[in-house]
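The structure appears below as C-alpha cells.
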Amino acid sequence: MAHGVRRLIPVLILLLASTAAMLLGFSLGKGRVGGAAARRNEVEVVALNVGHGESAWVRTPGGRFVVIGGGPPGQGAVVAQSLRAAGAERIDLLILPYPYPEAIGGAEELLETFPVSMAMEPGGERVNEWQENCRRFLRQNRVPVRLARAGQEFVLDGVRIAVLAPTATFTQAEPVSANNSVVVAVRWGETRFLFAGGMERGGEFALLARTPDLSADWLRVAHFGTRQASSSEFLRLVSPRFAVVSVGENPDGFPHAETLERVRATGAELLRTDEAQGDLRFVSDGNSVRRVTAPVP
C-alpha cells in the first residue's frame, strides 16, 4: 500500500501545480508579442479617448493585454482598433469595473473581435440591464468570469495586478453602486498605476481603512471627476505624478471644478481624455513612469 501511495505522489504534485496555476490566473507562461516594448522590458498603459466613458489597456513586456473598461456603447470598435494597432491578438484579462454603460457598453464589440482568456466583474445579484447583457455576451463567448474581490492578485509577465476593491460586504449591501467598482493597482518594478474605477467617498474611506499604502505614480481619477469622489485624504495618500480623467461631453458637468482643484493640489500633472489629441499614453521601465506622445512599436 505504501508503494502505491509513493507512486501516486508525482501525480498529486502535478494536480496541485495545475490547480495553483489556475488559481493564480496568469502567473505562468510566456507572452506572444515581442516588439520594442518587450525588448526594453517596459509596460505601456493607454487611456483611450472614447467620449464619455472608461477604457484603458495595459501591455506587458511579453505582449499580453489587460483591458480595463469596455468603453460606452458604440465605442467598443474604437477600443478594438487601438488594441489591434498595438499588436493584440487576444485579451488576457478584461476588467469590467462597474455596471454602467459608460464602462461596459462597448464590451460586446470587444468580445466579437478578440478571444478573451478571463473577465472580471464586481458581481451582485440585483443588476441592471447593461450588466445582464454583458454577462450574456460573456456566456455566449464562453469566457471564464471571476468575481473581483479585494486581496486577489494576478501576474502577467511579472506585472502584478492587485484587486483592491470591492469587498463582499459592499457588494452584498448595494450590488449596483459606484462604490462596488473594481479598483486595481498595476505594479511593474517600483512603479504603480492605480485605476480607481467609479469609486466615491464611501468606497475611498473603506479602502483607506484597510490599505496602508495607496501611493501610485499614475492615477485614473474615479468616476469621471465627480465631486463625490477623489477626496483630499485619498489623493494625498495616492500622491500621483500623473492623474488622468476619462471623460467626454455629458449632462452632469463632469469633471467638477472642485475635484480638479483637489487633484491639482497634489502637484500631479492633470490630463483629460476630452482635451487630448488622441489617446493618453504612458510607459514604465520599472523605475519611473513617463508620458509618450506616439504609439510604442
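Residues in the C-alpha cells are named by chain (A, B, ... in the order shown) and by number from 1 within that chain; ligands are numbered from 1 in the order shown.
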Considering only C-alpha atoms, give me a table of residues in stretch 136-191 of chain A that are at most 12 Å from stretch 77-92 of chain A, with the closest atom pair and distance in Å for each, as a tab-separated table.
```
residue	atom	partner	partner_atom	distance
A:Val143	CA	A:Asp92	CA	10.7
A:Pro144	CA	A:Asp92	CA	11.1
A:Phe154	CA	A:Asp92	CA	10.9
A:Val155	CA	A:Asp92	CA	11.0
A:Leu156	CA	A:Asp92	CA	8.8
A:Asp157	CA	A:Asp92	CA	11.5
```
Practice problem: Write out as a PyMOL selection string the residues lying within 8 Å of A:Arg201, counting only C-alpha atoms and excluding same-chain residues fewer than 4 positions away. | Solution: chain A and resi 205+228-231
Emit the selected residues as a PDB file, in the first residue's frame, including N, CA and C atoms.
```pdb
ATOM      1  N   PHE A 205     -12.982  55.777   1.684  1.00  0.00           N
ATOM      2  CA  PHE A 205     -12.690  55.690   3.114  1.00  0.00           C
ATOM      3  C   PHE A 205     -12.545  54.238   3.557  1.00  0.00           C
ATOM      4  N   GLN A 228     -18.185  63.839  -5.866  1.00  0.00           N
ATOM      5  CA  GLN A 228     -18.455  62.814  -4.853  1.00  0.00           C
ATOM      6  C   GLN A 228     -17.278  61.859  -4.668  1.00  0.00           C
ATOM      7  N   ALA A 229     -16.217  62.045  -5.425  1.00  0.00           N
ATOM      8  CA  ALA A 229     -15.055  61.161  -5.349  1.00  0.00           C
ATOM      9  C   ALA A 229     -13.787  61.993  -5.221  1.00  0.00           C
ATOM     10  N   SER A 230     -12.657  61.286  -5.117  1.00  0.00           N
ATOM     11  CA  SER A 230     -11.341  61.938  -5.080  1.00  0.00           C
ATOM     12  C   SER A 230     -11.250  62.927  -3.927  1.00  0.00           C
ATOM     13  N   SER A 231     -11.489  62.421  -2.727  1.00  0.00           N
ATOM     14  CA  SER A 231     -11.361  63.256  -1.533  1.00  0.00           C
ATOM     15  C   SER A 231      -9.910  63.684  -1.353  1.00  0.00           C
TER      16      SER A 231
END
```
With only C-alpha atoms counted and 9 Å as the cut-off, give the residues of stretch 165-259 of chain A in contact with stretch 268-292 of chain A, each with its shortest interatomic distance in Å and the pair that gives it, as a Markdown table.
```
| residue | atom | partner | partner_atom | distance |
| --- | --- | --- | --- | --- |
| A:Arg187 | CA | A:Gly286 | CA | 8.4 |
| A:Trp188 | CA | A:Gly286 | CA | 5.2 |
| A:Gly189 | CA | A:Gly286 | CA | 4.1 |
| A:Glu190 | CA | A:Asn287 | CA | 5.3 |
| A:Thr191 | CA | A:Gly286 | CA | 5.6 |
| A:Arg192 | CA | A:Val289 | CA | 8.6 |
| A:Asp217 | CA | A:Val289 | CA | 6.8 |
| A:Trp218 | CA | A:Val289 | CA | 7.8 |
| A:Ser239 | CA | A:Ala268 | CA | 7.4 |
| A:Pro240 | CA | A:Ala268 | CA | 5.7 |
| A:Arg241 | CA | A:Ala268 | CA | 4.6 |
| A:Phe242 | CA | A:Glu269 | CA | 4.8 |
| A:Ala243 | CA | A:Leu270 | CA | 4.9 |
| A:Val244 | CA | A:Leu271 | CA | 4.9 |
| A:Val245 | CA | A:Arg272 | CA | 4.7 |
| A:Ser246 | CA | A:Thr273 | CA | 5.3 |
| A:Val247 | CA | A:Asp274 | CA | 5.9 |
| A:Gly248 | CA | A:Asp274 | CA | 5.3 |
| A:Glu249 | CA | A:Asp274 | CA | 7.9 |
```
What are the closest atom pairs, with distances in Å to one decimal, for all residues of stretch 146-186 of chain A lying within 9 Å of stretch 103-121 of chain A? Consider only C-alpha atoms, order rows by chain and residue number, and present the result as a tab-separated table.
```
residue	atom	partner	partner_atom	distance
A:Arg146	CA	A:Met120	CA	4.9
A:Leu147	CA	A:Glu121	CA	5.3
A:Ala148	CA	A:Glu121	CA	5.7
A:Ser181	CA	A:Glu121	CA	8.4
A:Val182	CA	A:Glu121	CA	6.9
```
Selection export as a PDB file, in the first residue's frame, atoms kept: N, CA, C and O atoms:
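Ended up saving to result03.pdb:
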```pdb
ATOM      1  N   ARG A 146     -14.546  35.795 -13.319  1.00  0.00           N
ATOM      2  CA  ARG A 146     -14.223  35.773 -11.896  1.00  0.00           C
ATOM      3  C   ARG A 146     -14.794  37.016 -11.231  1.00  0.00           C
ATOM      4  O   ARG A 146     -14.674  38.122 -11.773  1.00  0.00           O
ATOM      5  N   LEU A 147     -15.393  36.844 -10.073  1.00  0.00           N
ATOM      6  CA  LEU A 147     -15.854  37.986  -9.298  1.00  0.00           C
ATOM      7  C   LEU A 147     -14.653  38.647  -8.646  1.00  0.00           C
ATOM      8  O   LEU A 147     -13.862  37.981  -7.962  1.00  0.00           O
ATOM      9  N   ALA A 148     -14.523  39.939  -8.848  1.00  0.00           N
ATOM     10  CA  ALA A 148     -13.404  40.674  -8.270  1.00  0.00           C
ATOM     11  C   ALA A 148     -13.623  40.854  -6.773  1.00  0.00           C
ATOM     12  O   ALA A 148     -14.700  41.290  -6.351  1.00  0.00           O
ATOM     13  N   SER A 181     -17.297  49.322  -7.416  1.00  0.00           N
ATOM     14  CA  SER A 181     -16.447  49.284  -8.593  1.00  0.00           C
ATOM     15  C   SER A 181     -15.190  48.454  -8.331  1.00  0.00           C
ATOM     16  O   SER A 181     -14.674  48.404  -7.220  1.00  0.00           O
ATOM     17  N   VAL A 182     -14.711  47.825  -9.395  1.00  0.00           N
ATOM     18  CA  VAL A 182     -13.429  47.113  -9.319  1.00  0.00           C
ATOM     19  C   VAL A 182     -12.308  48.157  -9.344  1.00  0.00           C
ATOM     20  O   VAL A 182     -12.217  48.972 -10.270  1.00  0.00           O
TER      21      VAL A 182
END
```
Exercise. Please provide the set of residues having any atom within 7 Å of A:Gly225, restricted to only C-alpha atoms, with same-chain residues fewer than 6 positions apart removed, written as a ChimeraX atom specification.
Key: /A:245,254-256,259
Selection file, N, CA, C and O atoms, as a CSV table (one decimal), in the first residue's frame:
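Final output, again-v4.csv:
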```csv
chain,number,residue,atom,x,y,z
A,245,VAL,N,-8.2,61.9,-16.2
A,245,VAL,CA,-9.6,61.9,-16.1
A,245,VAL,C,-10.2,61.4,-17.4
A,245,VAL,O,-9.9,62.1,-18.5
A,254,PHE,N,-19.4,66.7,-15.5
A,254,PHE,CA,-18.2,66.1,-15.1
A,254,PHE,C,-17.1,66.6,-16.1
A,254,PHE,O,-17.4,66.8,-17.3
A,255,PRO,N,-15.9,66.8,-15.6
A,255,PRO,CA,-15.4,66.7,-14.2
A,255,PRO,C,-15.8,68.0,-13.5
A,255,PRO,O,-15.8,69.1,-14.1
A,256,HIS,N,-16.1,67.9,-12.2
A,256,HIS,CA,-16.4,69.0,-11.4
A,256,HIS,C,-15.2,69.8,-11.0
A,256,HIS,O,-14.1,69.3,-10.8
A,259,THR,N,-13.2,69.0,-7.8
A,259,THR,CA,-12.4,67.8,-7.9
A,259,THR,C,-11.1,68.1,-8.6
A,259,THR,O,-10.0,67.6,-8.2
```
Practice problem: Go through stretch 149-251 of chain A and collect every residue that DSSP, computed from the backbone, puts in helix (DSSP H, G or I); the answer should be as a ChimeraX atom specification. | Solution: /A:168-173,178-180,201-210,222-225,232-238
Residues of stretch 140-207 of chain A that approach stretch 41-57 of chain A to 9 Å or less, counting only C-alpha atoms: could you list each one with the shortest pair of atoms and its distance in Å to one decimal, rows by chain and increasing residue number, as a tab-separated table?
```
residue	atom	partner	partner_atom	distance
A:Val159	CA	A:Val43	CA	8.2
A:Trp188	CA	A:Val43	CA	7.2
A:Phe193	CA	A:Val45	CA	8.6
A:Gly197	CA	A:Glu54	CA	8.4
```
Selected residues written out with N, CA and C atoms, as an mmCIF file, in the first residue's frame:
```
data_model
loop_
_atom_site.group_PDB
_atom_site.id
_atom_site.type_symbol
_atom_site.label_atom_id
_atom_site.label_comp_id
_atom_site.auth_asym_id
_atom_site.auth_seq_id
_atom_site.Cartn_x
_atom_site.Cartn_y
_atom_site.Cartn_z
ATOM 1 N N VAL A 159 4.201 41.451 -14.306
ATOM 2 C CA VAL A 159 3.364 42.605 -13.962
ATOM 3 C C VAL A 159 2.298 42.132 -12.970
ATOM 4 N N TRP A 188 4.608 47.459 -11.819
ATOM 5 C CA TRP A 188 5.741 46.978 -12.609
ATOM 6 C C TRP A 188 7.007 47.537 -11.977
ATOM 7 N N PHE A 193 0.370 51.858 -11.173
ATOM 8 C CA PHE A 193 -0.747 52.541 -11.809
ATOM 9 C C PHE A 193 -2.006 52.155 -11.031
ATOM 10 N N GLY A 197 -11.656 53.253 -10.850
ATOM 11 C CA GLY A 197 -12.997 52.880 -11.280
ATOM 12 C C GLY A 197 -14.009 53.981 -11.032
#
```
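Straight-line separation from atom CA of A:Thr211 to atom CA of A:Gly198: 17.8 Å.
You can rank A:Val183, A:Val145, A:Leu138, A:Val296 by their closest distance to A:Gly123 using only C-alpha atoms, and at the top of that list sits A:Val145.
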